[in-house]
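Data first, discussion second: the structure below is written as structure tokens.
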Amino acid sequence: MDFLNIFTNALGEIVSPTTAAYALASLGLAVHFGFTGLLNFGQAGFMAIGAYGFAIPTLLWDVPFAVGVLIAVVGSVIFALLLGIPTLRLRADYLAIVTIAAAEIIRYVVTTNELTDITGSANGLAAFEGGFYAMNPFPQGTYNFGLTSMNERDLWIRVVAWTLVALCCLLVFLLMRSPWGRILKGIREDENAVRSLGKNVYSYKMQSLIFGGLLGTFAGMIFTLPRGAVQPANYQTELTFFLWTCLLLGGMATVLGPVVGAMIFWVVLSLTQGLLYGAIEAGYITFLTTTQAGQLRYILVGVALMLLMIFRPQGVLGNKKELVFA
């Protein structure tokens with residue numbers, strides 16, 4: 001087995017665009033659940049809104065990159081309002097039911113055959129990333145960074161993705177230490193106490209839902225740009241569960257926890273896949289196929305997550321004093 005290549009590929013996932021997208025979306029879940037106590041099980045829906053909201057107008061109307069991003073943002077706000085208006089005055093579990101159902105509704109809508117000319121149905125959409133890469137300031141060529149190398153397109157998407165992650169982390173850090181953030185934490189702990197102080201709890205919950213959803217929307221765009229295609233199969237319910245895994249790994253009520261959790265999640269997935277595939281190809285493992293090995297790596301991550309919840313439920317960077325289950 002080529003251990004050097006396996007470990008190099010695994011470490012490369014630390015700064016991959018997919019990891020950055022997961023970090024952003026998990027940060028949105030941290031705003032929702034870790035800081036406000038909102039049970040959002042439909043973050044994949046916000047990511048789909050970001051991807052399709054950017055891709056559709058770009059392909060249909062040939063809008064500039066900035067306009068496509070703005071349309072996706074507006075779509076995300078409308079989606080959050082539609083979710084929040086009927087549910088945020090009710091118990092937290094109602095929001096969980098509505099969000100997981102709404103995310104699935106979006107996925108089924110974009111796969112409808114009648115909308116093939118707009119959404120591409122099950123085949124999805126492609127070739128909409130030209131405006132993004134047209135802004136690439138890096139000259140064409142190969143860029144070497146230690147054991148890894150990448151072309152100008154890979155470098156550009158990584159720079160943009162991780163710059164966005166850094167800026168969003170800084171914004172969340174500042175907001176959660178502002179009076180607005182302290183009210184969100186108060187709602188998480190005891191919303192009746194916050195309401196008794198004259199604060200509009202419903203309004204603050206809506207603001208949190210919109211803000212965390214916007215982070216998921218930006219994550220959806222970052223997630224799809226490197227692929228140059230958006231497909232509905234990528235936004236199934238399991239995506240939201242993976243994001244929750246990242247959040248729990250890093251720490252629910254932390255700013256950097258979702259980022260660290262996303263890095264750990266993808267490094268472990270890549271490492272286990274590389275080791276299992278390498279062992280199968282070398283003949284060390286004969287009772288598994290590569291397909292079964294691909295499923296086994298998720299089982300191993302699940303076992304690791306259960307052990308983490310038993311021995312460190314606050315996550316890698318979490319504080320036990322802020323461990324909250326809404």
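Ordered as shown in the structure tokens, chains take letters A, B, and onward, while each chain numbers its residues from 1 and ligands are numbered from 1 in the order shown.
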*Out of region 7-197 of chain A, which residues get helix (DSSP H, G or I) from DSSP, as a VMD selection string?*
chain A and resid 7 to 15 17 to 35 43 to 61 65 to 84 92 to 110 113 to 119 121 to 123 130 to 133 152 to 176 179 to 196
*Could you pull the residues within 7 Å of region 97-109 of chain A, counting only C-alpha atoms, minus those fewer than 6 positions along the same chain, as a list in words?*
Asn40, Phe41, Gly42, Ala44, Gly45, Leu83, Pro232 and Tyr235 of chain A
Kindly save the residues from that selection, with N, CA, C and O atoms included, as a PDB file, in the first residue's frame.
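Contents of out32.pdb, as written:
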```pdb
ATOM      1  N   ASN A  40     -32.684  22.619  13.732  1.00  0.00           N
ATOM      2  CA  ASN A  40     -32.814  22.664  12.278  1.00  0.00           C
ATOM      3  C   ASN A  40     -32.243  21.377  11.687  1.00  0.00           C
ATOM      4  O   ASN A  40     -31.045  21.157  11.720  1.00  0.00           O
ATOM      5  N   PHE A  41     -33.111  20.549  11.122  1.00  0.00           N
ATOM      6  CA  PHE A  41     -32.694  19.323  10.463  1.00  0.00           C
ATOM      7  C   PHE A  41     -32.820  19.439   8.945  1.00  0.00           C
ATOM      8  O   PHE A  41     -32.900  18.430   8.251  1.00  0.00           O
ATOM      9  N   GLY A  42     -32.815  20.672   8.456  1.00  0.00           N
ATOM     10  CA  GLY A  42     -32.956  20.878   7.023  1.00  0.00           C
ATOM     11  C   GLY A  42     -31.897  21.783   6.436  1.00  0.00           C
ATOM     12  O   GLY A  42     -32.156  22.486   5.453  1.00  0.00           O
ATOM     13  N   ALA A  44     -29.498  21.006   4.665  1.00  0.00           N
ATOM     14  CA  ALA A  44     -29.278  20.609   3.273  1.00  0.00           C
ATOM     15  C   ALA A  44     -30.191  21.388   2.339  1.00  0.00           C
ATOM     16  O   ALA A  44     -29.834  21.653   1.184  1.00  0.00           O
ATOM     17  N   GLY A  45     -31.369  21.767   2.815  1.00  0.00           N
ATOM     18  CA  GLY A  45     -32.275  22.577   2.013  1.00  0.00           C
ATOM     19  C   GLY A  45     -31.716  23.949   1.735  1.00  0.00           C
ATOM     20  O   GLY A  45     -31.818  24.470   0.611  1.00  0.00           O
ATOM     21  N   LEU A  83     -40.218  28.782   6.592  1.00  0.00           N
ATOM     22  CA  LEU A  83     -40.051  27.770   7.632  1.00  0.00           C
ATOM     23  C   LEU A  83     -40.386  28.331   9.008  1.00  0.00           C
ATOM     24  O   LEU A  83     -41.013  27.663   9.834  1.00  0.00           O
ATOM     25  N   PRO A 232     -29.318  16.993  -7.473  1.00  0.00           N
ATOM     26  CA  PRO A 232     -30.186  16.863  -6.292  1.00  0.00           C
ATOM     27  C   PRO A 232     -29.767  15.738  -5.355  1.00  0.00           C
ATOM     28  O   PRO A 232     -30.037  15.801  -4.157  1.00  0.00           O
ATOM     29  N   TYR A 235     -28.022  16.517  -2.027  1.00  0.00           N
ATOM     30  CA  TYR A 235     -28.690  17.280  -0.966  1.00  0.00           C
ATOM     31  C   TYR A 235     -29.749  16.444  -0.264  1.00  0.00           C
ATOM     32  O   TYR A 235     -30.803  16.955   0.107  1.00  0.00           O
TER      33      TYR A 235
END
```
*Could you jot down the CA of Ile187 (chain A) to CA of Leu209 (chain A) separation for me, Å, one decimal place?*
13.1 Å
Quick one: contact table of region 254-307 of chain A to region 173-183 of chain A, 10 Å max, nearest atom pair and distance in Å to one decimal per residue, counting only C-alpha atoms, chain and number order, as CSV?
```
residue,atom,partner,partner_atom,distance
A:Thr254,CA,A:Phe173,CA,8.7
A:Val255,CA,A:Phe173,CA,6.2
A:Leu256,CA,A:Phe173,CA,9.0
```
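For the pair CA of Val301 (chain A) and CA of Ala51 (chain A), the separation is 27.0 Å.
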Proximity of region 48-130 of chain A to region 17-34 of chain A: per-residue shortest pair, 12 Å limit, only C-alpha atoms, as CSV:
```
residue,atom,partner,partner_atom,distance
A:Ala48,CA,A:Ala25,CA,11.4
A:Gly50,CA,A:Ala25,CA,11.1
A:Ala51,CA,A:Ala21,CA,11.5
A:Ala80,CA,A:His32,CA,11.7
A:Gly84,CA,A:His32,CA,11.9
A:Leu88,CA,A:His32,CA,12.0
A:Ala92,CA,A:Phe33,CA,10.0
A:Asp93,CA,A:Phe33,CA,12.0
A:Leu95,CA,A:His32,CA,11.0
A:Ala96,CA,A:Phe33,CA,10.8
```
_Can you pull out the residues contacting region 280-297 of chain A? Cut-off 9 Å, using only C-alpha atoms, and skip same-chain residues under 5 positions away; I want them as number ranges by chain._
A: 1, 268-270, 272-273, 275, 302
Output the selection as a PDB file, in the first residue's frame - C-alpha atoms for each residue.
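again_19.pdb, freshly written:
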```pdb
ATOM      1  CA  MET A   1       0.000   0.000   0.000  1.00  0.00           C
ATOM      2  CA  VAL A 268     -11.094  10.506   8.903  1.00  0.00           C
ATOM      3  CA  LEU A 269     -13.349   9.622   5.955  1.00  0.00           C
ATOM      4  CA  SER A 270     -10.502   9.990   3.465  1.00  0.00           C
ATOM      5  CA  THR A 272     -10.306   5.178   6.353  1.00  0.00           C
ATOM      6  CA  GLN A 273     -11.263   4.942   2.686  1.00  0.00           C
ATOM      7  CA  LEU A 275      -6.553   2.402   4.087  1.00  0.00           C
ATOM      8  CA  GLY A 302     -20.401   6.636  13.538  1.00  0.00           C
TER       9      GLY A 302
END
```
_Nearest residue to Asp117 (chain A) out of A:Val160, A:Leu305, A:Leu243, A:Ile56, using only C-alpha atoms?_
A:Ile56
*Which of region 10-162 of chain A counts as strand (DSSP E) under DSSP, as a list in words please?*
Leu125, Ala126, Thr142, Tyr143, Asn144, Phe145, Thr148, Ser149, Met150 and Asn151 of chain A
*Have a look at CA of Ala253 (chain A) and CA of Gln314 (chain A) and let me know their distance in Å, one decimal.*
8.5 Å
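Taking only C-alpha atoms into account, Leu214 (chain A) lies nearest to A:Gln43 out of the set A:Gln43, A:Gln236, A:Asn113, A:Asn144.
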*Excluding Glu13 (chain A) and residues on its chain fewer than 4 positions from it, collect all residues at most 7 Å away from it, counting only C-alpha atoms, and give them as a PyMOL selection string.*
chain A and resi 9+19+266-267
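With only C-alpha atoms as the atoms that count, the residue of A:Val159, A:Leu248, A:Leu184, A:Ala72 with the shortest distance to Ala262 (chain A) is A:Leu248.
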_Distance query region 5-8 of chain A at most 7 Å, only C-alpha atoms, self and fewer than 5 positions along chain excluded, as a PyMOL selection string_ = chain A and resi 147+271+274-275
*Of the candidates A:Ile222, A:Pro313, A:Thr237, A:Trp61, which one gets nearest to Thr163 (chain A) if we count only C-alpha atoms?*
A:Ile222
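Comparing A:Val165, A:Met150, A:Val260, A:Ala279 by their smallest distance to Gly12 (chain A), the closest is A:Met150 (using only C-alpha atoms).
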